$ cat my_file39.txt   # compact mmCIF, C-alpha atoms
# COMPACT_ATOMS: atom_id res chain seq x y z
CA MET A 1 -5.94 -46.59 33.86
CA THR A 2 -8.03 -49.60 34.81
CA PRO A 3 -8.63 -51.39 31.50
CA LEU A 4 -12.00 -52.87 30.61
CA LEU A 5 -10.33 -55.14 28.04
CA ILE A 6 -6.74 -56.34 27.56
CA ALA A 7 -5.39 -57.48 24.20
CA THR A 8 -1.97 -58.89 23.42
CA ASP A 9 -0.12 -59.96 20.33
CA LEU A 10 1.27 -63.48 20.54
CA ASP A 11 4.53 -64.11 18.62
CA GLY A 12 7.29 -61.76 19.71
CA THR A 13 5.18 -60.29 22.50
CA LEU A 14 3.55 -62.92 24.70
CA VAL A 15 5.32 -65.95 23.19
CA ARG A 16 9.03 -66.32 23.82
CA THR A 17 11.59 -66.68 21.03
CA ASP A 18 11.70 -70.44 21.63
CA GLY A 19 7.96 -70.68 20.97
CA THR A 20 6.91 -71.18 24.60
CA VAL A 21 4.67 -69.25 26.98
CA SER A 22 5.99 -69.30 30.53
CA LEU A 23 4.09 -70.61 33.54
CA ARG A 24 4.45 -67.14 35.06
CA THR A 25 2.66 -65.60 32.09
CA ARG A 26 -0.10 -68.21 32.11
CA ARG A 27 -0.76 -67.61 35.79
CA VAL A 28 -0.98 -63.85 35.35
CA LEU A 29 -3.40 -64.22 32.44
CA ASP A 30 -5.54 -66.52 34.58
CA ARG A 31 -5.65 -63.73 37.16
CA VAL A 32 -6.78 -61.28 34.49
CA ARG A 33 -9.63 -63.58 33.56
CA ALA A 34 -10.53 -64.16 37.23
CA ALA A 35 -10.70 -60.39 37.69
CA GLY A 36 -13.45 -60.29 35.06
CA ILE A 37 -11.38 -58.43 32.44
CA PRO A 38 -11.92 -59.84 28.91
CA LEU A 39 -8.63 -60.99 27.40
CA VAL A 40 -7.98 -61.10 23.65
CA GLY A 41 -5.20 -62.84 21.76
CA VAL A 42 -4.53 -60.76 18.62
CA THR A 43 -2.30 -62.38 16.02
CA GLY A 44 -1.33 -62.68 12.41
CA ARG A 45 -1.82 -66.43 12.67
CA GLY A 46 -4.74 -67.63 10.60
CA PRO A 47 -7.64 -69.87 11.66
CA ARG A 48 -5.64 -72.91 10.57
CA LEU A 49 -3.51 -72.32 13.70
CA ILE A 50 -6.41 -71.85 16.08
CA GLU A 51 -5.44 -74.75 18.34
CA LEU A 52 -1.90 -73.40 18.68
CA CYS A 53 -3.38 -70.03 19.64
CA ARG A 54 -5.62 -71.65 22.24
CA ARG A 55 -2.64 -73.47 23.71
CA ASP A 56 -0.59 -70.28 23.90
CA ILE A 57 -3.33 -68.15 25.48
CA PRO A 58 -5.97 -70.46 27.00
CA ALA A 59 -7.34 -67.67 29.20
CA ALA A 60 -8.46 -65.62 26.19
CA SER A 61 -12.15 -64.79 25.89
CA PHE A 62 -11.67 -63.88 22.22
CA LEU A 63 -9.15 -64.48 19.46
CA ALA A 64 -8.53 -62.05 16.60
CA LEU A 65 -6.72 -64.03 13.90
CA ALA A 66 -5.28 -63.37 10.43
CA GLN A 67 -4.37 -59.77 11.35
CA GLY A 68 -7.93 -59.18 12.58
CA GLY A 69 -9.73 -60.69 9.60
CA TYR A 70 -11.15 -63.58 11.65
CA VAL A 71 -12.56 -62.94 15.13
CA LEU A 72 -13.69 -65.78 17.40
CA ASP A 73 -15.77 -65.72 20.59
CA ASN A 74 -14.17 -68.56 22.55
CA ALA A 75 -17.13 -68.90 24.93
CA THR A 76 -19.59 -69.68 22.14
CA ASP A 77 -17.11 -70.91 19.51
CA ARG A 78 -18.80 -68.46 17.13
CA TRP A 79 -17.05 -66.42 14.46
CA LEU A 80 -17.82 -62.72 14.80
CA ARG A 81 -15.86 -61.84 11.67
CA GLU A 82 -14.69 -63.84 8.65
CA THR A 83 -12.94 -61.88 5.92
CA SER A 84 -11.36 -62.96 2.66
CA LEU A 85 -10.62 -61.35 -0.69
CA ASP A 86 -10.53 -62.66 -4.24
CA GLY A 87 -7.00 -63.75 -4.95
CA THR A 88 -6.88 -61.84 -8.23
CA VAL A 89 -6.96 -58.60 -6.22
CA PHE A 90 -3.93 -59.73 -4.23
CA ALA A 91 -2.27 -60.61 -7.55
CA LYS A 92 -2.60 -56.97 -8.63
CA ALA A 93 -0.86 -55.84 -5.44
CA VAL A 94 1.94 -58.35 -6.01
CA ASP A 95 2.34 -57.08 -9.58
CA LEU A 96 2.73 -53.51 -8.29
CA ILE A 97 5.44 -54.64 -5.88
CA GLU A 98 7.28 -56.67 -8.52
CA ASP A 99 7.23 -53.68 -10.86
CA GLU A 100 9.40 -51.91 -8.27
CA VAL A 101 11.66 -54.64 -6.87
CA GLY A 102 11.64 -57.46 -9.42
CA PRO A 103 10.53 -61.06 -8.82
CA VAL A 104 9.27 -61.91 -5.33
CA HIS A 105 8.38 -65.16 -3.61
CA VAL A 106 4.68 -65.50 -2.74
CA THR A 107 2.94 -67.81 -0.27
CA VAL A 108 -0.86 -67.89 -0.11
CA GLU A 109 -3.09 -68.60 2.91
CA ALA A 110 -6.58 -69.62 1.84
CA ASP A 111 -7.44 -72.74 3.85
CA THR A 112 -9.20 -72.04 7.15
CA SER A 113 -9.36 -75.65 8.35
CA PRO A 114 -7.20 -76.61 11.36
CA GLU A 115 -3.61 -77.25 10.26
CA GLY A 116 -4.63 -76.42 6.69
CA PRO A 117 -1.77 -75.99 4.19
CA LEU A 118 -0.24 -72.92 2.62
CA TRP A 119 0.47 -72.75 -1.10
CA GLY A 120 3.54 -71.04 -2.51
CA ASP A 121 5.55 -70.23 -5.59
CA PRO A 122 7.69 -73.21 -6.59
CA GLY A 123 11.22 -72.50 -5.46
CA PRO A 124 12.31 -71.33 -2.00
CA SER A 125 10.30 -73.24 0.57
CA TRP A 126 8.43 -71.79 3.52
CA PRO A 127 11.00 -71.57 6.35
CA PHE A 128 8.66 -72.65 9.17
CA THR A 129 8.83 -76.43 9.54
CA ASP A 130 5.69 -76.68 11.71
CA THR A 131 3.49 -75.61 8.79
CA SER A 132 2.33 -77.66 5.82
CA TRP A 133 3.61 -75.79 2.76
CA ARG A 134 2.95 -76.99 -0.77
CA PRO A 135 4.21 -75.63 -4.10
CA MET A 136 1.54 -74.36 -6.48
CA PRO A 137 1.60 -72.06 -9.51
CA ARG A 138 0.79 -68.55 -8.36
CA ALA A 139 -2.18 -68.07 -10.68
CA GLU A 140 -3.78 -71.23 -9.31
CA ALA A 141 -3.06 -70.35 -5.68
CA LEU A 142 -4.64 -66.92 -6.17
CA SER A 143 -7.67 -68.13 -8.10
CA GLY A 144 -10.22 -68.12 -5.25
CA PRO A 145 -10.96 -66.52 -1.86
CA VAL A 146 -7.75 -65.76 0.06
CA LEU A 147 -7.19 -64.70 3.68
CA LYS A 148 -3.76 -63.18 3.20
CA VAL A 149 -0.62 -63.32 1.10
CA PHE A 150 3.01 -63.47 2.25
CA VAL A 151 5.67 -61.78 0.11
CA ARG A 152 9.45 -62.03 0.30
CA ALA A 153 11.95 -60.26 -1.96
CA PRO A 154 15.50 -61.60 -2.38
CA GLY A 155 18.05 -59.02 -1.34
CA LEU A 156 15.63 -56.79 0.56
CA THR A 157 15.04 -56.65 4.30
CA PRO A 158 11.44 -56.81 5.52
CA ASP A 159 11.60 -53.09 6.38
CA GLU A 160 12.86 -52.21 2.92
CA LEU A 161 10.17 -54.27 1.22
CA LEU A 162 7.52 -52.84 3.53
CA ALA A 163 8.52 -49.29 2.59
CA VAL A 164 8.26 -50.08 -1.12
CA ALA A 165 4.91 -51.84 -0.77
CA ARG A 166 3.44 -49.01 1.28
CA SER A 167 4.41 -46.57 -1.46
CA VAL A 168 2.89 -48.49 -4.39
CA VAL A 169 -0.05 -50.52 -3.01
CA PRO A 170 -3.13 -48.37 -2.28
CA SER A 171 -5.09 -49.22 0.88
CA THR A 172 -8.19 -49.53 -1.27
CA LEU A 173 -6.58 -52.55 -2.90
CA CYS A 174 -5.29 -54.27 0.24
CA GLU A 175 -3.57 -53.64 3.56
CA VAL A 176 0.21 -53.99 3.79
CA THR A 177 2.05 -54.96 6.96
CA GLU A 178 4.89 -57.02 8.44
CA ALA A 179 4.70 -59.28 11.47
CA GLY A 180 8.31 -60.09 12.27
CA THR A 181 8.35 -63.30 10.22
CA GLY A 182 10.62 -61.95 7.49
CA TYR A 183 7.69 -61.72 5.09
CA LEU A 184 5.49 -58.85 4.03
CA GLU A 185 1.79 -59.63 4.60
CA LEU A 186 -1.12 -58.47 2.44
CA THR A 187 -4.65 -58.58 3.86
CA PRO A 188 -8.06 -57.46 2.55
CA PRO A 189 -8.83 -53.72 2.70
CA GLY A 190 -9.78 -52.66 6.20
CA VAL A 191 -8.39 -55.79 7.84
CA THR A 192 -6.06 -54.79 10.66
CA LYS A 193 -5.69 -55.73 14.30
CA ALA A 194 -7.49 -52.49 15.18
CA THR A 195 -10.60 -53.31 13.15
CA GLY A 196 -10.55 -56.87 14.49
CA LEU A 197 -10.50 -55.60 18.05
CA ALA A 198 -13.23 -53.10 17.23
CA VAL A 199 -15.54 -56.00 16.38
CA ILE A 200 -15.07 -57.24 19.94
CA THR A 201 -15.35 -53.89 21.71
CA ASP A 202 -18.46 -53.02 19.72
CA ALA A 203 -20.05 -56.31 20.78
CA LEU A 204 -19.15 -55.68 24.43
CA GLY A 205 -19.95 -51.97 24.46
CA ILE A 206 -16.39 -51.01 25.44
CA ASP A 207 -14.74 -47.76 24.38
CA PRO A 208 -11.29 -48.15 22.76
CA ALA A 209 -10.05 -45.62 25.32
CA ASP A 210 -10.56 -48.32 27.97
CA VAL A 211 -8.46 -50.94 26.15
CA LEU A 212 -4.88 -51.91 27.03
CA VAL A 213 -2.79 -53.50 24.25
CA PHE A 214 0.66 -55.09 24.00
CA GLY A 215 2.66 -55.45 20.78
CA ASP A 216 6.04 -55.72 19.10
CA ALA A 217 5.83 -55.58 15.27
CA PRO A 218 4.51 -53.28 12.52
CA ASN A 219 1.30 -55.32 12.28
CA ASP A 220 0.57 -54.18 15.85
CA VAL A 221 0.78 -50.49 14.95
CA PRO A 222 -2.93 -50.10 13.98
CA MET A 223 -4.17 -51.49 17.30
CA LEU A 224 -1.67 -49.41 19.26
CA GLY A 225 -2.89 -46.29 17.52
CA TRP A 226 -6.50 -47.29 18.27
CA ALA A 227 -6.25 -48.30 21.94
CA GLY A 228 -6.34 -46.00 24.95
CA ARG A 229 -3.27 -47.57 26.57
CA ARG A 230 -0.44 -49.08 24.56
CA VAL A 231 2.59 -50.99 25.80
CA ALA A 232 5.55 -52.25 23.76
CA VAL A 233 7.86 -55.06 24.75
CA ALA A 234 11.54 -54.09 24.85
CA ASN A 235 12.31 -56.09 21.70
CA ALA A 236 9.68 -54.21 19.67
CA HIS A 237 10.12 -52.66 16.25
CA ARG A 238 10.92 -48.94 16.22
CA GLU A 239 7.43 -48.09 14.86
CA VAL A 240 5.84 -49.77 17.88
CA LEU A 241 8.25 -48.17 20.34
CA ALA A 242 7.42 -44.76 18.88
CA LEU A 243 3.68 -45.25 19.58
CA ALA A 244 3.91 -46.88 23.00
CA HIS A 245 2.97 -45.08 26.19
CA GLU A 246 5.21 -47.48 28.10
CA VAL A 247 7.86 -50.11 27.40
CA THR A 248 7.97 -53.30 29.43
CA LEU A 249 10.55 -56.10 29.46
CA SER A 250 11.17 -58.21 26.35
CA ASN A 251 9.07 -61.23 25.39
CA ASP A 252 11.88 -63.53 26.57
CA GLU A 253 11.74 -61.78 29.96
CA ASP A 254 7.94 -62.18 30.26
CA GLY A 255 7.35 -58.47 29.71
CA VAL A 256 3.57 -58.79 29.42
CA ALA A 257 3.39 -60.74 32.68
CA ALA A 258 5.68 -58.26 34.45
CA TYR A 259 3.46 -55.35 33.43
CA LEU A 260 0.21 -57.09 34.35
CA GLU A 261 1.55 -58.19 37.74
CA LYS A 262 2.02 -54.54 38.66
CA LEU A 263 -1.36 -53.60 37.20
CA LEU A 264 -3.21 -56.30 39.14

$ encode --input "my_file39.txt" --output "structure tokens"
Amino acid sequence: MTPLLIATDLDGTLVRTDGTVSLRTRRVLDRVRAAGIPLVGVTGRGPRLIELCRRDIPAASFLALAQGGYVLDNATDRWLRETSLDGTVFAKAVDLIEDEVGPVHVTVEADTSPEGPLWGDPGPSWPFTDTSWRPMPRAEALSGPVLKVFVRAPGLTPDELLAVARSVVPSTLCEVTEAGTGYLELTPPGVTKATGLAVITDALGIDPADVLVFGDAPNDVPMLGWAGRRVAVANAHREVLALAHEVTLSNDEDGVAAYLEKLL
């Protein structure tokens, strides 16, 4: 397969565990761009982290952020998709989850400005020190338009919580996924990495069958199921490994670069 578009997840796939992207990887992605193949960075990171995304994948022609809810054309700096949902709808999903597992910790992403803060339930703080996290009563945090909601349940693994949420939260209410952060993520209905990428391929007139994707976590499953060629890094979640046509080296071994070097 000669892809007409290449898309890669960032954290856990392109980005190493220490948060870096190797020079080897950057050079290979530059070669992809020079070959005239559009490159897309597809990530759960919201628009507030857009500059971090641009630093990690500067060769990208497009960015699909917030699990596909926000899609940016880097050449024109124009948003092709901007999706949010009234926070009270997310609150209903959280209630359904709490009915099954008891109290959970919720963090809300609503601010789209660069380096904008997250708001969370008072109590356990957000574990990522590079993000501005502020305590706020849940009802207040969920009182307006929201991009996505993070949920953590004491005593449950992310996989266990994901299984519960999938069983009780209908897709008509919101999407449920997990991105390898230790938190469940809730997004508006229809917002997945697959639908985010579809915005780009529709604009370019590219068939999904001609798209090559790389991923590692459950939030990558929709785009793997959608794309014509799907590759998992060796450290990927079992759901991703089950869907992949091929498995490359791990993110810490520059698996995406290794695969693309052979392809080019």

$ atom_distance --input "my_file39.txt" --atom1 "atom CA of A:Ser250" --atom2 "atom CA of A:Met223"
19.0 Å

$ atom_distance --input "my_file39.txt" --atom1 "atom CA of A:Thr88" --atom2 "atom CA of A:Val191"
17.2 Å

$ residues_around --input "my_file39.txt" --residues "A:Ala75" --least-positions-apart "5" --cutoff "10 Å" --atoms "only C-alpha atoms" --output "mmCIF file with C-alpha atoms, keeping the file's coordinate frame"
data_model
loop_
_atom_site.group_PDB
_atom_site.id
_atom_site.type_symbol
_atom_site.label_atom_id
_atom_site.label_comp_id
_atom_site.auth_asym_id
_atom_site.auth_seq_id
_atom_site.Cartn_x
_atom_site.Cartn_y
_atom_site.Cartn_z
ATOM 1 C CA ALA A 60 -8.460 -65.620 26.190
ATOM 2 C CA SER A 61 -12.150 -64.790 25.890
ATOM 3 C CA PHE A 62 -11.670 -63.880 22.220
#

$ atom_distance --input "my_file39.txt" --atom1 "atom CA of A:Asp73" --atom2 "atom CA of A:Thr201"
11.9 Å

$ residues_around --input "my_file39.txt" --residues "A:Arg229" --least-positions-apart "4" --cutoff "7 Å" --atoms "only C-alpha atoms" --output "NGL selection string"
:A and (211-213 or 245)

$ residues_near_point --input "my_file39.txt" --point "(6.3, -52.9, 16.1)" --cutoff "9 Å" --atoms "all atoms listed in the file" --output "list in words"
Glu178, Ala179, Gly180, Gly215, Asp216, Ala217, Pro218, Asn219, Asp220, Val221, Ala232, Asn235, Ala236, His237, Arg238, Glu239, Val240, Leu241, Ala242 and Leu243 of chain A

$ closest_residue --input "my_file39.txt" --among "A:Ala91, A:Leu161, A:Leu147, A:Leu23" --to "A:Leu65" --atoms "only C-alpha atoms"
A:Leu147

$ closest_residue --input "my_file39.txt" --among "A:Pro137, A:Pro158, A:Pro38, A:Gly120" --to "A:Ile200" --atoms "only C-alpha atoms"
A:Pro38

$ closest_residue --input "my_file39.txt" --among "A:Thr107, A:Thr83, A:Thr25, A:Thr248" --to "A:Pro135" --atoms "all atoms listed in the file"
A:Thr107

$ decode --input "my_file39.txt" --residues "stretch 179-199 of chain A" --atoms "N, CA and C atoms" --output "PDB file, in the first residue's frame"
ATOM      1  N   ALA A 179      -7.307   6.895  26.988  1.00  0.00           N
ATOM      2  CA  ALA A 179      -6.165   7.281  26.157  1.00  0.00           C
ATOM      3  C   ALA A 179      -4.817   6.932  26.760  1.00  0.00           C
ATOM      4  N   GLY A 180      -4.809   6.087  27.782  1.00  0.00           N
ATOM      5  CA  GLY A 180      -3.541   5.716  28.389  1.00  0.00           C
ATOM      6  C   GLY A 180      -3.077   6.668  29.476  1.00  0.00           C
ATOM      7  N   THR A 181      -3.942   7.601  29.885  1.00  0.00           N
ATOM      8  CA  THR A 181      -3.572   8.571  30.922  1.00  0.00           C
ATOM      9  C   THR A 181      -3.947   8.099  32.323  1.00  0.00           C
ATOM     10  N   GLY A 182      -4.716   7.004  32.407  1.00  0.00           N
ATOM     11  CA  GLY A 182      -5.233   6.567  33.687  1.00  0.00           C
ATOM     12  C   GLY A 182      -6.635   7.077  33.946  1.00  0.00           C
ATOM     13  N   TYR A 183      -7.153   7.889  33.039  1.00  0.00           N
ATOM     14  CA  TYR A 183      -8.500   8.440  33.145  1.00  0.00           C
ATOM     15  C   TYR A 183      -9.371   7.953  32.000  1.00  0.00           C
ATOM     16  N   LEU A 184     -10.649   7.729  32.295  1.00  0.00           N
ATOM     17  CA  LEU A 184     -11.647   7.570  31.264  1.00  0.00           C
ATOM     18  C   LEU A 184     -11.879   8.941  30.625  1.00  0.00           C
ATOM     19  N   GLU A 185     -12.229   8.983  29.339  1.00  0.00           N
ATOM     20  CA  GLU A 185     -12.532  10.255  28.696  1.00  0.00           C
ATOM     21  C   GLU A 185     -13.903  10.177  28.025  1.00  0.00           C
ATOM     22  N   LEU A 186     -14.712  11.203  28.270  1.00  0.00           N
ATOM     23  CA  LEU A 186     -16.032  11.331  27.671  1.00  0.00           C
ATOM     24  C   LEU A 186     -15.992  12.480  26.678  1.00  0.00           C
ATOM     25  N   THR A 187     -16.472  12.243  25.461  1.00  0.00           N
ATOM     26  CA  THR A 187     -16.508  13.266  24.427  1.00  0.00           C
ATOM     27  C   THR A 187     -17.926  13.349  23.854  1.00  0.00           C
ATOM     28  N   PRO A 188     -18.244  14.423  23.115  1.00  0.00           N
ATOM     29  CA  PRO A 188     -19.581  14.538  22.531  1.00  0.00           C
ATOM     30  C   PRO A 188     -19.907  13.364  21.609  1.00  0.00           C
ATOM     31  N   PRO A 189     -21.186  13.062  21.423  1.00  0.00           N
ATOM     32  CA  PRO A 189     -21.571  11.967  20.525  1.00  0.00           C
ATOM     33  C   PRO A 189     -20.969  12.159  19.135  1.00  0.00           C
ATOM     34  N   GLY A 190     -20.420  11.088  18.597  1.00  0.00           N
ATOM     35  CA  GLY A 190     -19.848  11.155  17.257  1.00  0.00           C
ATOM     36  C   GLY A 190     -18.439  11.697  17.190  1.00  0.00           C
ATOM     37  N   VAL A 191     -17.874  12.099  18.314  1.00  0.00           N
ATOM     38  CA  VAL A 191     -16.505  12.618  18.320  1.00  0.00           C
ATOM     39  C   VAL A 191     -15.538  11.493  18.626  1.00  0.00           C
ATOM     40  N   THR A 192     -14.828  11.052  17.598  1.00  0.00           N
ATOM     41  CA  THR A 192     -13.778  10.052  17.730  1.00  0.00           C
ATOM     42  C   THR A 192     -12.636  10.452  16.798  1.00  0.00           C
ATOM     43  N   LYS A 193     -11.521   9.772  16.932  1.00  0.00           N
ATOM     44  CA  LYS A 193     -10.411  10.051  16.019  1.00  0.00           C
ATOM     45  C   LYS A 193     -10.779   9.704  14.574  1.00  0.00           C
ATOM     46  N   ALA A 194     -11.659   8.727  14.388  1.00  0.00           N
ATOM     47  CA  ALA A 194     -12.087   8.370  13.032  1.00  0.00           C
ATOM     48  C   ALA A 194     -12.885   9.501  12.397  1.00  0.00           C
ATOM     49  N   THR A 195     -13.836  10.068  13.126  1.00  0.00           N
ATOM     50  CA  THR A 195     -14.650  11.135  12.531  1.00  0.00           C
ATOM     51  C   THR A 195     -13.837  12.408  12.361  1.00  0.00           C
ATOM     52  N   GLY A 196     -12.842  12.621  13.234  1.00  0.00           N
ATOM     53  CA  GLY A 196     -11.949  13.760  13.042  1.00  0.00           C
ATOM     54  C   GLY A 196     -11.126  13.623  11.780  1.00  0.00           C
ATOM     55  N   LEU A 197     -10.590  12.425  11.557  1.00  0.00           N
ATOM     56  CA  LEU A 197      -9.822  12.188  10.335  1.00  0.00           C
ATOM     57  C   LEU A 197     -10.706  12.265   9.090  1.00  0.00           C
ATOM     58  N   ALA A 198     -11.953  11.849   9.220  1.00  0.00           N
ATOM     59  CA  ALA A 198     -12.860  11.892   8.079  1.00  0.00           C
ATOM     60  C   ALA A 198     -13.100  13.321   7.605  1.00  0.00           C
ATOM     61  N   VAL A 199     -13.070  14.277   8.527  1.00  0.00           N
ATOM     62  CA  VAL A 199     -13.197  15.680   8.139  1.00  0.00           C
ATOM     63  C   VAL A 199     -12.067  16.056   7.173  1.00  0.00           C
TER      64      VAL A 199
END
